[in-house]
>>> print(open('work-v1.pdb').read())   # PDB, C-alpha atoms
ATOM      1  CA  MET A   1      32.741 -12.506  -7.648
ATOM      2  CA  PHE A   2      32.642 -16.287  -7.636
ATOM      3  CA  GLN A   3      34.681 -16.784  -4.477
ATOM      4  CA  ASN A   4      33.357 -19.143  -1.824
ATOM      5  CA  THR A   5      30.871 -20.800  -4.158
ATOM      6  CA  SER A   6      30.995 -24.242  -5.695
ATOM      7  CA  LEU A   7      29.134 -23.025  -8.788
ATOM      8  CA  ASP A   8      31.007 -22.289 -11.963
ATOM      9  CA  PRO A   9      30.435 -18.812 -13.450
ATOM     10  CA  GLN A  10      27.749 -19.982 -15.875
ATOM     11  CA  ASP A  11      25.776 -21.784 -13.164
ATOM     12  CA  PHE A  12      26.171 -18.816 -10.859
ATOM     13  CA  MET A  13      24.717 -16.403 -13.416
ATOM     14  CA  GLN A  14      21.841 -18.822 -14.058
ATOM     15  CA  ARG A  15      21.060 -18.915 -10.337
ATOM     16  CA  MET A  16      21.054 -15.125 -10.254
ATOM     17  CA  ALA A  17      18.704 -15.020 -13.240
ATOM     18  CA  ASP A  18      16.406 -17.564 -11.580
ATOM     19  CA  ASP A  19      16.283 -15.432  -8.441
ATOM     20  CA  LEU A  20      15.328 -12.396 -10.521
ATOM     21  CA  MET A  21      12.549 -14.367 -12.206
ATOM     22  CA  ASP A  22      11.262 -15.399  -8.783
ATOM     23  CA  SER A  23      10.819 -11.731  -7.917
ATOM     24  CA  TYR A  24       8.903 -11.210 -11.157
ATOM     25  CA  ASP A  25       6.737 -14.224 -10.340
ATOM     26  CA  GLU A  26       5.877 -12.601  -7.015
ATOM     27  CA  GLU A  27       4.483  -9.634  -8.912
ATOM     28  CA  LEU A  28       2.650 -11.980 -11.291
ATOM     29  CA  GLU A  29       1.032 -13.710  -8.302
ATOM     30  CA  LEU A  30      -0.311 -10.342  -7.163
ATOM     31  CA  GLU A  31      -1.655  -9.696 -10.643
ATOM     32  CA  ILE A  32      -3.406 -13.055 -10.812
ATOM     33  CA  ASP A  33      -4.878 -12.420  -7.365
ATOM     34  CA  ASP A  34      -6.349  -9.145  -8.622
ATOM     35  CA  ARG A  35      -8.126 -10.589 -11.628
ATOM     36  CA  HIS A  36     -11.889 -10.932 -11.650
ATOM     37  CA  VAL A  37     -13.542 -14.340 -11.431
ATOM     38  CA  ASP A  38     -16.602 -15.306 -13.398
ATOM     39  CA  ALA A  39     -19.995 -16.314 -12.008
ATOM     40  CA  ASN A  40     -18.782 -19.894 -11.567
ATOM     41  CA  GLY A  41     -15.819 -18.822  -9.467
ATOM     42  CA  GLN A  42     -13.282 -19.513 -12.228
ATOM     43  CA  ARG A  43     -10.344 -17.205 -12.861
ATOM     44  CA  PRO A  44      -9.629 -16.241 -16.468
ATOM     45  CA  SER A  45      -6.246 -17.158 -17.861
ATOM     46  CA  VAL A  46      -3.525 -14.514 -17.782
ATOM     47  CA  VAL A  47      -2.787 -13.508 -21.365
ATOM     48  CA  ASP A  48       0.738 -12.360 -22.142
ATOM     49  CA  SER A  49      -0.094  -9.229 -24.087
ATOM     50  CA  GLU A  50       1.811  -6.143 -25.096
ATOM     51  CA  SER A  51      -0.161  -4.107 -22.548
ATOM     52  CA  ARG A  52       0.900  -6.472 -19.752
ATOM     53  CA  ARG A  53       4.542  -6.253 -20.818
ATOM     54  CA  SER A  54       4.307  -2.472 -20.897
ATOM     55  CA  TYR A  55       2.678  -2.447 -17.468
ATOM     56  CA  PHE A  56       5.398  -4.569 -15.884
ATOM     57  CA  LYS A  57       8.156  -2.589 -17.579
ATOM     58  CA  ASN A  58       6.777   0.669 -16.198
ATOM     59  CA  LEU A  59       6.001  -0.811 -12.788
ATOM     60  CA  PHE A  60       9.513  -2.201 -12.288
ATOM     61  CA  HIS A  61      10.992   1.138 -13.338
ATOM     62  CA  LEU A  62       8.787   3.023 -10.879
ATOM     63  CA  GLN A  63       9.588   0.554  -8.102
ATOM     64  CA  GLY A  64      13.266   1.188  -8.760
ATOM     65  CA  GLU A  65      12.602   4.895  -8.300
ATOM     66  CA  LEU A  66      10.734   4.132  -5.063
ATOM     67  CA  VAL A  67      13.872   2.437  -3.742
ATOM     68  CA  LYS A  68      15.809   5.625  -4.547
ATOM     69  CA  LEU A  69      13.115   7.633  -2.757
ATOM     70  CA  GLN A  70      13.413   5.354   0.269
ATOM     71  CA  ASP A  71      17.192   5.826   0.365
ATOM     72  CA  TRP A  72      16.779   9.595   0.137
ATOM     73  CA  VAL A  73      14.160   9.666   2.916
ATOM     74  CA  GLN A  74      16.533   7.718   5.147
ATOM     75  CA  GLN A  75      19.577   9.793   4.284
ATOM     76  CA  SER A  76      17.813  13.176   4.561
ATOM     77  CA  ARG A  77      15.795  12.079   7.619
ATOM     78  CA  GLU A  78      12.561  13.196   5.992
ATOM     79  CA  LYS A  79       9.160  12.318   7.414
ATOM     80  CA  VAL A  80       6.438  11.379   4.925
ATOM     81  CA  VAL A  81       2.756  10.556   5.420
ATOM     82  CA  ILE A  82       0.766   9.224   2.461
ATOM     83  CA  ILE A  83      -2.995   8.872   2.907
ATOM     84  CA  PHE A  84      -5.034   6.518   0.729
ATOM     85  CA  GLU A  85      -8.796   6.983   0.758
ATOM     86  CA  GLY A  86     -11.587   5.944  -1.575
ATOM     87  CA  ARG A  87     -14.627   3.756  -1.878
ATOM     88  CA  ASP A  88     -14.509   0.097  -0.907
ATOM     89  CA  ALA A  89     -12.818  -1.989  -3.648
ATOM     90  CA  ALA A  90     -11.344   1.141  -5.257
ATOM     91  CA  GLY A  91      -7.853  -0.391  -5.389
ATOM     92  CA  LYS A  92      -6.129   1.337  -2.461
ATOM     93  CA  GLY A  93      -4.675  -1.902  -1.142
ATOM     94  CA  GLY A  94      -3.327  -2.852  -4.563
ATOM     95  CA  VAL A  95      -1.308   0.317  -5.011
ATOM     96  CA  ILE A  96      -0.045   0.154  -1.422
ATOM     97  CA  LYS A  97       1.207  -3.393  -2.095
ATOM     98  CA  ARG A  98       3.064  -2.244  -5.202
ATOM     99  CA  ILE A  99       4.601   0.736  -3.433
ATOM    100  CA  THR A 100       5.878  -1.255  -0.471
ATOM    101  CA  GLN A 101       6.672  -4.512  -2.278
ATOM    102  CA  ARG A 102      10.390  -3.825  -2.751
ATOM    103  CA  LEU A 103      10.925  -1.394   0.110
ATOM    104  CA  ASN A 104      12.314  -1.901   3.593
ATOM    105  CA  PRO A 105       9.347  -2.295   5.978
ATOM    106  CA  ARG A 106      11.373  -0.540   8.666
ATOM    107  CA  VAL A 107      11.417   2.568   6.493
ATOM    108  CA  ALA A 108       8.115   2.353   4.607
ATOM    109  CA  ARG A 109       5.373   0.915   6.795
ATOM    110  CA  VAL A 110       1.623   0.618   6.430
ATOM    111  CA  ALA A 111      -0.855   1.787   9.060
ATOM    112  CA  ALA A 112      -4.238   0.100   8.617
ATOM    113  CA  LEU A 113      -6.060   0.673  11.887
ATOM    114  CA  PRO A 114      -9.045  -1.429  12.955
ATOM    115  CA  ALA A 115     -12.232   0.077  14.344
ATOM    116  CA  PRO A 116     -11.556   1.938  17.626
ATOM    117  CA  ASN A 117     -12.064   0.023  20.848
ATOM    118  CA  ASP A 118     -14.051   1.304  23.816
ATOM    119  CA  ARG A 119     -11.060   3.124  25.288
ATOM    120  CA  GLU A 120     -10.038   4.726  21.993
ATOM    121  CA  ARG A 121     -13.553   6.050  21.475
ATOM    122  CA  THR A 122     -13.077   8.230  24.550
ATOM    123  CA  GLN A 123      -9.742   9.677  23.332
ATOM    124  CA  TRP A 124      -9.129  12.815  21.327
ATOM    125  CA  TYR A 125     -10.167  11.728  17.842
ATOM    126  CA  PHE A 126      -6.695  12.048  16.262
ATOM    127  CA  GLN A 127      -4.880  10.439  19.191
ATOM    128  CA  ARG A 128      -4.651   6.887  17.917
ATOM    129  CA  TYR A 129      -3.426   8.076  14.525
ATOM    130  CA  VAL A 130      -0.690  10.236  16.040
ATOM    131  CA  ALA A 131       0.954   7.103  17.463
ATOM    132  CA  HIS A 132       1.586   5.887  13.896
ATOM    133  CA  LEU A 133       3.138   9.068  12.507
ATOM    134  CA  PRO A 134       6.689   8.729  11.126
ATOM    135  CA  ALA A 135       9.929   9.516  12.886
ATOM    136  CA  ALA A 136      12.881  10.937  10.943
ATOM    137  CA  GLY A 137      13.784   8.757   7.956
ATOM    138  CA  GLU A 138      10.400   7.032   7.724
ATOM    139  CA  MET A 139       7.403   6.892   5.398
ATOM    140  CA  VAL A 140       3.976   5.840   6.659
ATOM    141  CA  LEU A 141       1.206   4.811   4.281
ATOM    142  CA  PHE A 142      -2.235   5.116   5.853
ATOM    143  CA  ASP A 143      -4.655   2.573   4.385
ATOM    144  CA  ARG A 144      -7.592   4.730   5.427
ATOM    145  CA  SER A 145      -6.951   7.386   8.011
ATOM    146  CA  TRP A 146      -8.558  10.025  10.208
ATOM    147  CA  TYR A 147     -10.855  10.687   7.234
ATOM    148  CA  ASN A 148     -12.965   7.755   8.405
ATOM    149  CA  ARG A 149     -14.939  10.353  10.317
ATOM    150  CA  ALA A 150     -15.818  12.218   7.132
ATOM    151  CA  GLY A 151     -16.784   8.991   5.344
ATOM    152  CA  VAL A 152     -17.977   5.788   6.941
ATOM    153  CA  GLU A 153     -18.636   7.314  10.378
ATOM    154  CA  ARG A 154     -20.738  10.058   8.840
ATOM    155  CA  VAL A 155     -22.714   7.795   6.515
ATOM    156  CA  MET A 156     -23.251   4.975   9.020
ATOM    157  CA  GLY A 157     -24.128   7.285  11.897
ATOM    158  CA  PHE A 158     -21.120   6.336  14.044
ATOM    159  CA  CYS A 159     -20.487   9.950  15.031
ATOM    160  CA  THR A 160     -22.705  12.809  16.108
ATOM    161  CA  GLU A 161     -23.336  15.951  14.103
ATOM    162  CA  ASP A 162     -21.199  17.911  16.584
ATOM    163  CA  GLU A 163     -18.317  15.419  16.261
ATOM    164  CA  TYR A 164     -18.597  15.608  12.480
ATOM    165  CA  GLU A 165     -18.425  19.404  12.429
ATOM    166  CA  GLU A 166     -15.608  19.453  14.968
ATOM    167  CA  PHE A 167     -13.637  17.148  12.685
ATOM    168  CA  PHE A 168     -13.859  19.656   9.851
ATOM    169  CA  ARG A 169     -12.816  22.470  12.161
ATOM    170  CA  SER A 170      -9.861  20.466  13.478
ATOM    171  CA  VAL A 171      -8.456  18.531  10.529
ATOM    172  CA  PRO A 172      -7.088  21.500   8.538
ATOM    173  CA  GLU A 173      -5.288  22.767  11.643
ATOM    174  CA  PHE A 174      -4.113  19.272  12.507
ATOM    175  CA  GLU A 175      -2.600  18.757   9.053
ATOM    176  CA  LYS A 176      -1.071  22.250   9.003
ATOM    177  CA  MET A 177       0.533  21.421  12.333
ATOM    178  CA  LEU A 178       1.972  18.200  10.880
ATOM    179  CA  VAL A 179       3.420  20.095   7.925
ATOM    180  CA  ARG A 180       4.901  22.794  10.167
ATOM    181  CA  SER A 181       6.574  20.053  12.203
ATOM    182  CA  GLY A 182       8.355  18.823   9.062
ATOM    183  CA  ILE A 183       6.029  16.010   7.948
ATOM    184  CA  ARG A 184       5.107  15.850   4.270
ATOM    185  CA  VAL A 185       1.397  15.014   3.951
ATOM    186  CA  ILE A 186       0.197  13.620   0.607
ATOM    187  CA  LYS A 187      -3.468  12.625   0.225
ATOM    188  CA  TYR A 188      -4.990  10.412  -2.493
ATOM    189  CA  TRP A 189      -8.645   9.681  -3.228
ATOM    190  CA  PHE A 190      -9.225   6.644  -5.468
ATOM    191  CA  SER A 191     -12.257   7.194  -7.683
ATOM    192  CA  ILE A 192     -14.260   4.406  -9.338
ATOM    193  CA  THR A 193     -17.684   4.236 -10.926
ATOM    194  CA  ASP A 194     -20.813   2.652  -9.503
ATOM    195  CA  GLU A 195     -20.625  -0.062 -12.160
ATOM    196  CA  GLU A 196     -16.976  -0.864 -11.458
ATOM    197  CA  GLN A 197     -17.516  -1.237  -7.730
ATOM    198  CA  HIS A 198     -20.473  -3.527  -8.449
ATOM    199  CA  LEU A 199     -18.271  -5.709 -10.665
ATOM    200  CA  ARG A 200     -15.460  -5.879  -8.105
ATOM    201  CA  PHE A 201     -17.843  -6.822  -5.319
ATOM    202  CA  LEU A 202     -19.248  -9.640  -7.448
ATOM    203  CA  GLY A 203     -15.695 -10.842  -8.005
ATOM    204  CA  ARG A 204     -15.150 -10.972  -4.247
ATOM    205  CA  ILE A 205     -18.428 -12.787  -3.653
ATOM    206  CA  HIS A 206     -17.544 -15.545  -6.129
ATOM    207  CA  ASP A 207     -13.866 -15.842  -5.203
ATOM    208  CA  PRO A 208     -13.302 -17.870  -2.010
ATOM    209  CA  LEU A 209      -9.824 -16.320  -1.658
ATOM    210  CA  LYS A 210     -11.320 -12.836  -1.513
ATOM    211  CA  GLN A 211     -14.536 -13.290   0.429
ATOM    212  CA  TRP A 212     -12.763 -12.170   3.607
ATOM    213  CA  LYS A 213     -12.505  -8.729   2.011
ATOM    214  CA  LEU A 214     -16.280  -8.317   2.110
ATOM    215  CA  SER A 215     -17.579  -6.885   5.372
ATOM    216  CA  PRO A 216     -21.053  -5.744   6.373
ATOM    217  CA  MET A 217     -19.776  -2.186   5.922
ATOM    218  CA  ASP A 218     -18.763  -2.980   2.349
ATOM    219  CA  LEU A 219     -22.224  -4.298   1.549
ATOM    220  CA  GLN A 220     -23.801  -1.199   3.056
ATOM    221  CA  SER A 221     -21.633   0.957   0.811
ATOM    222  CA  ARG A 222     -23.591  -0.404  -2.150
ATOM    223  CA  VAL A 223     -26.912   0.478  -0.535
ATOM    224  CA  ARG A 224     -25.667   3.946   0.419
ATOM    225  CA  TRP A 225     -23.714   4.807  -2.729
ATOM    226  CA  GLU A 226     -25.254   8.258  -3.057
ATOM    227  CA  GLU A 227     -24.749   9.077   0.623
ATOM    228  CA  TYR A 228     -21.070   8.172   0.306
ATOM    229  CA  THR A 229     -20.845  10.361  -2.794
ATOM    230  CA  LYS A 230     -22.221  13.369  -0.910
ATOM    231  CA  ALA A 231     -19.900  12.694   2.046
ATOM    232  CA  LYS A 232     -16.890  12.447  -0.283
ATOM    233  CA  GLU A 233     -17.752  15.704  -2.039
ATOM    234  CA  THR A 234     -18.095  17.513   1.282
ATOM    235  CA  MET A 235     -14.827  16.046   2.549
ATOM    236  CA  LEU A 236     -12.838  17.099  -0.515
ATOM    237  CA  GLU A 237     -14.329  20.584  -0.458
ATOM    238  CA  ARG A 238     -13.675  21.226   3.237
ATOM    239  CA  THR A 239     -10.253  19.586   3.637
ATOM    240  CA  HIS A 240      -8.488  20.492   0.378
ATOM    241  CA  ILE A 241      -5.855  22.860   1.768
ATOM    242  CA  ALA A 242      -2.687  24.257   0.240
ATOM    243  CA  GLU A 243      -0.479  22.565   2.846
ATOM    244  CA  ALA A 244      -2.029  19.128   2.178
ATOM    245  CA  PRO A 245      -4.135  19.092  -0.994
ATOM    246  CA  TRP A 246      -6.181  16.157  -2.234
ATOM    247  CA  TRP A 247      -5.185  14.311  -5.390
ATOM    248  CA  VAL A 248      -7.830  12.219  -7.186
ATOM    249  CA  VAL A 249      -6.712   8.989  -8.878
ATOM    250  CA  GLN A 250      -8.963   7.684 -11.648
ATOM    251  CA  ALA A 251      -9.005   4.019 -10.619
ATOM    252  CA  VAL A 252     -11.408   2.132 -12.877
ATOM    253  CA  ASP A 253      -8.354   0.690 -14.653
ATOM    254  CA  LYS A 254      -6.341  -0.773 -11.765
ATOM    255  CA  LYS A 255      -3.034  -1.035 -13.597
ATOM    256  CA  LYS A 256      -3.116   2.529 -14.889
ATOM    257  CA  ALA A 257      -4.191   3.761 -11.452
ATOM    258  CA  ARG A 258      -1.172   2.120  -9.802
ATOM    259  CA  LEU A 259       1.292   3.495 -12.314
ATOM    260  CA  ASN A 260      -0.227   6.976 -12.276
ATOM    261  CA  CYS A 261      -0.368   7.125  -8.494
ATOM    262  CA  ILE A 262       3.218   5.957  -8.008
ATOM    263  CA  ALA A 263       4.522   8.317 -10.712
ATOM    264  CA  HIS A 264       2.650  11.217  -9.114
ATOM    265  CA  LEU A 265       3.906  10.331  -5.643
ATOM    266  CA  LEU A 266       7.485  10.363  -6.910
ATOM    267  CA  SER A 267       6.888  13.783  -8.465
ATOM    268  CA  GLN A 268       5.753  15.226  -5.120
ATOM    269  CA  ILE A 269       9.042  14.640  -3.300
ATOM    270  CA  PRO A 270      12.360  16.160  -4.460
ATOM    271  CA  TYR A 271      14.366  12.987  -3.893
ATOM    272  CA  GLN A 272      17.818  12.441  -5.375
ATOM    273  CA  ASP A 273      20.136   9.506  -5.881
ATOM    274  CA  VAL A 274      22.012   8.723  -2.699
ATOM    275  CA  PRO A 275      25.587   7.536  -3.381
ATOM    276  CA  HIS A 276      26.437   4.196  -1.808
ATOM    277  CA  ALA A 277      29.852   2.742  -1.143
ATOM    278  CA  SER A 278      30.640  -0.407  -3.102
ATOM    279  CA  VAL A 279      29.721  -3.538  -1.189
ATOM    280  CA  VAL A 280      32.383  -6.216  -0.970
ATOM    281  CA  LEU A 281      31.272  -9.600   0.271
ATOM    282  CA  PRO A 282      33.842 -10.781   2.843
ATOM    283  CA  ASP A 283      35.267 -14.279   2.750
ATOM    284  CA  ARG A 284      33.655 -16.723   5.123
ATOM    285  CA  VAL A 285      35.969 -17.669   7.960
ATOM    286  CA  ARG A 286      36.522 -21.422   8.100
ATOM    287  CA  HIS A 287      37.780 -23.400  11.120
ATOM    288  CA  ALA A 288      39.150 -26.913  10.904
ATOM    289  CA  ASP A 289      37.397 -28.010  14.099
ATOM    290  CA  TYR A 290      33.933 -26.807  12.980
ATOM    291  CA  PHE A 291      31.330 -29.225  11.717
ATOM    292  CA  ARG A 292      27.625 -28.657  11.134
ATOM    293  CA  GLN A 293      25.329 -30.548  13.463
ATOM    294  CA  PRO A 294      22.732 -32.701  11.667
ATOM    295  CA  VAL A 295      19.088 -31.654  12.046
ATOM    296  CA  PRO A 296      16.879 -34.406  13.515
ATOM    297  CA  GLU A 297      14.533 -35.881  10.928
ATOM    298  CA  THR A 298      11.571 -35.206  13.229
ATOM    299  CA  MET A 299      12.173 -31.478  12.836
ATOM    300  CA  ILE A 300      12.252 -31.438   9.020
ATOM    301  CA  VAL A 301       9.233 -30.034   7.193
ATOM    302  CA  PRO A 302       8.020 -32.770   4.790
ATOM    303  CA  GLU A 303       8.913 -31.998   1.166
ATOM    304  CA  ILE A 304       5.593 -32.699  -0.520
ATOM    305  CA  PHE A 305       6.195 -30.314  -3.437
TER     306      PHE A 305
END
>>> encode(input="work-v1.pdb", output="structure tokens")
Amino acid sequence: MFQNTSLDPQDFMQRMADDLMDSYDEELELEIDDRHVDANGQRPSVVDSESRRSYFKNLFHLQGELVKLQDWVQQSREKVVIIFEGRDAAGKGGVIKRITQRLNPRVARVAALPAPNDRERTQWYFQRYVAHLPAAGEMVLFDRSWYNRAGVERVMGFCTEDEYEEFFRSVPEFEKMLVRSGIRVIKYWFSITDEEQHLRFLGRIHDPLKQWKLSPMDLQSRVRWEEYTKAKETMLERTHIAEAPWWVVQAVDKKKARLNCIAHLLSQIPYQDVPHASVVLPDRVRHADYFRQPVPETMIVPEIF
């Protein structure tokens, strides 16, 4: 185990422990980034509480299961589509980050499409989404999806009444076709209250690191809260099909929403442990005539930290 290293066993184990703590710190950075700021733009301190310890314990366990799911998807050559919809600031991005954080981006990738360009507006509505569907052994997480037509496009008047009705005629058949082709389609709606969205928007307004998340469309979603509610209710009623049902995540508590969503996702796919052969690190080949060329000082990034 300690071959080809100048560290003694105790130092080696300490380095391994430090590397593990670095991965935990990465998760802590995400948590700090998610915290609200007060009216003066100050972040509250992160308190090490029992609830936080329980959250991390459960999250790391679920992320370990996600790695097993990823291995199974690769080995069984499954195709999985996971759709995340919900109001602005409902926490979709947060759960997507936690799902993909420890996965291989070549297996589990995120599709977050921008607004369609002039050419795409003339295409069949589903065409640009089809290009992002998974091949065998892949999972695709849609951070918003073709359901834009039932939500923002409907409320903001970006589609006609005929286009809106055609969407509802087409989407059940489209999703049934995906399922018949062997793609698993799992759909989540993240639900928050009026008051919670208001609070999260204020946090973004006062946090310079999050102001980029606020768009004119986001601000309009506050003005048109009731219109979005009606659009959501119609969407769930008309597109909740047996082949691809909707699942509603109660998302006022972000941490619970992430854990509940990930646990539910794992329950929807009959994955199993995939046996792996033991990995043996080969010895590095050394040659007497090899020497490492020095890097010019002008190319070195200054060490200011």
>>> closest_residue(input="work-v1.pdb", among="A:Gln250, A:Thr160, A:Gln70, A:Ser215", to="Ile99 in chain A", atoms="all atoms listed in the file")
A:Gln70
>>> residues_around(input="work-v1.pdb", residues="range 112-123 of chain A", least_positions_apart="2", cutoff="10 Å", atoms="all atoms listed in the file", output="PDB file with C-alpha atoms, in the coordinates of the input")
ATOM      1  CA  GLY A  93      -4.675  -1.902  -1.142  1.00  0.00           C
ATOM      2  CA  ARG A 109       5.373   0.915   6.795  1.00  0.00           C
ATOM      3  CA  VAL A 110       1.623   0.618   6.430  1.00  0.00           C
ATOM      4  CA  TYR A 125     -10.167  11.728  17.842  1.00  0.00           C
ATOM      5  CA  PHE A 126      -6.695  12.048  16.262  1.00  0.00           C
ATOM      6  CA  GLN A 127      -4.880  10.439  19.191  1.00  0.00           C
ATOM      7  CA  ARG A 128      -4.651   6.887  17.917  1.00  0.00           C
ATOM      8  CA  TYR A 129      -3.426   8.076  14.525  1.00  0.00           C
ATOM      9  CA  HIS A 132       1.586   5.887  13.896  1.00  0.00           C
ATOM     10  CA  LEU A 141       1.206   4.811   4.281  1.00  0.00           C
ATOM     11  CA  PHE A 142      -2.235   5.116   5.853  1.00  0.00           C
ATOM     12  CA  ASP A 143      -4.655   2.573   4.385  1.00  0.00           C
ATOM     13  CA  ARG A 144      -7.592   4.730   5.427  1.00  0.00           C
ATOM     14  CA  SER A 145      -6.951   7.386   8.011  1.00  0.00           C
ATOM     15  CA  TRP A 146      -8.558  10.025  10.208  1.00  0.00           C
ATOM     16  CA  ASN A 148     -12.965   7.755   8.405  1.00  0.00           C
TER      17      ASN A 148
END
>>> resolve_selection(input="work-v1.pdb", expression="the PyMOL selection byres ((chain A and resi 266) around 12)", output="list in words")
His61, Leu62, Gln63, Gly64, Glu65, Leu66, Val67, Lys68, Leu69, Gln70, Trp72, Val73, Val80, Ile82, Ile99, Ile186, Leu259, Asn260, Cys261, Ile262, Ala263, His264, Leu265, Ser267, Gln268, Ile269, Pro270, Tyr271 and Gln272 of chain A
>>> residues_around(input="work-v1.pdb", residues="Leu236 in chain A", least_positions_apart="2", cutoff="12 Å", atoms="only C-alpha atoms", output="count of residues only")
26
>>> closest_residue(input="work-v1.pdb", among="A:Arg98, A:Arg52, A:Arg222, A:Arg184", to="Leu202 in chain A", atoms="all atoms listed in the file")
A:Arg222
>>> resolve_selection(input="work-v1.pdb", expression="the PyMOL selection byres ((chain A and resi 194) around 12)", output="number ranges by chain")
A: 87-90, 191-193, 195-201, 221-226, 228-229, 251-252
>>> resolve_selection(input="work-v1.pdb", expression="the PyMOL selection byres ((chain A and resi 276-278) around 12)", output="short mmCIF file (atom, residue, chain, number, x, y, z; two decimals) with C-alpha atoms, in the coordinates of the input")
data_model
loop_
_atom_site.label_atom_id
_atom_site.label_comp_id
_atom_site.auth_asym_id
_atom_site.auth_seq_id
_atom_site.Cartn_x
_atom_site.Cartn_y
_atom_site.Cartn_z
CA LYS A 68 15.81 5.62 -4.55
CA ASP A 71 17.19 5.83 0.36
CA TRP A 72 16.78 9.60 0.14
CA GLN A 75 19.58 9.79 4.28
CA ASP A 273 20.14 9.51 -5.88
CA VAL A 274 22.01 8.72 -2.70
CA PRO A 275 25.59 7.54 -3.38
CA VAL A 279 29.72 -3.54 -1.19
CA VAL A 280 32.38 -6.22 -0.97
CA LEU A 281 31.27 -9.60 0.27
#
>>> atom_distance(input="work-v1.pdb", atom1="CA of Lys210 in chain A", atom2="CA of Lys92 in chain A")
15.1 Å
>>> atom_distance(input="work-v1.pdb", atom1="CA of Asp218 in chain A", atom2="CA of Ala108 in chain A")
27.5 Å
>>> atom_distance(input="work-v1.pdb", atom1="CA of Ala111 in chain A", atom2="CA of Pro134 in chain A")
10.5 Å
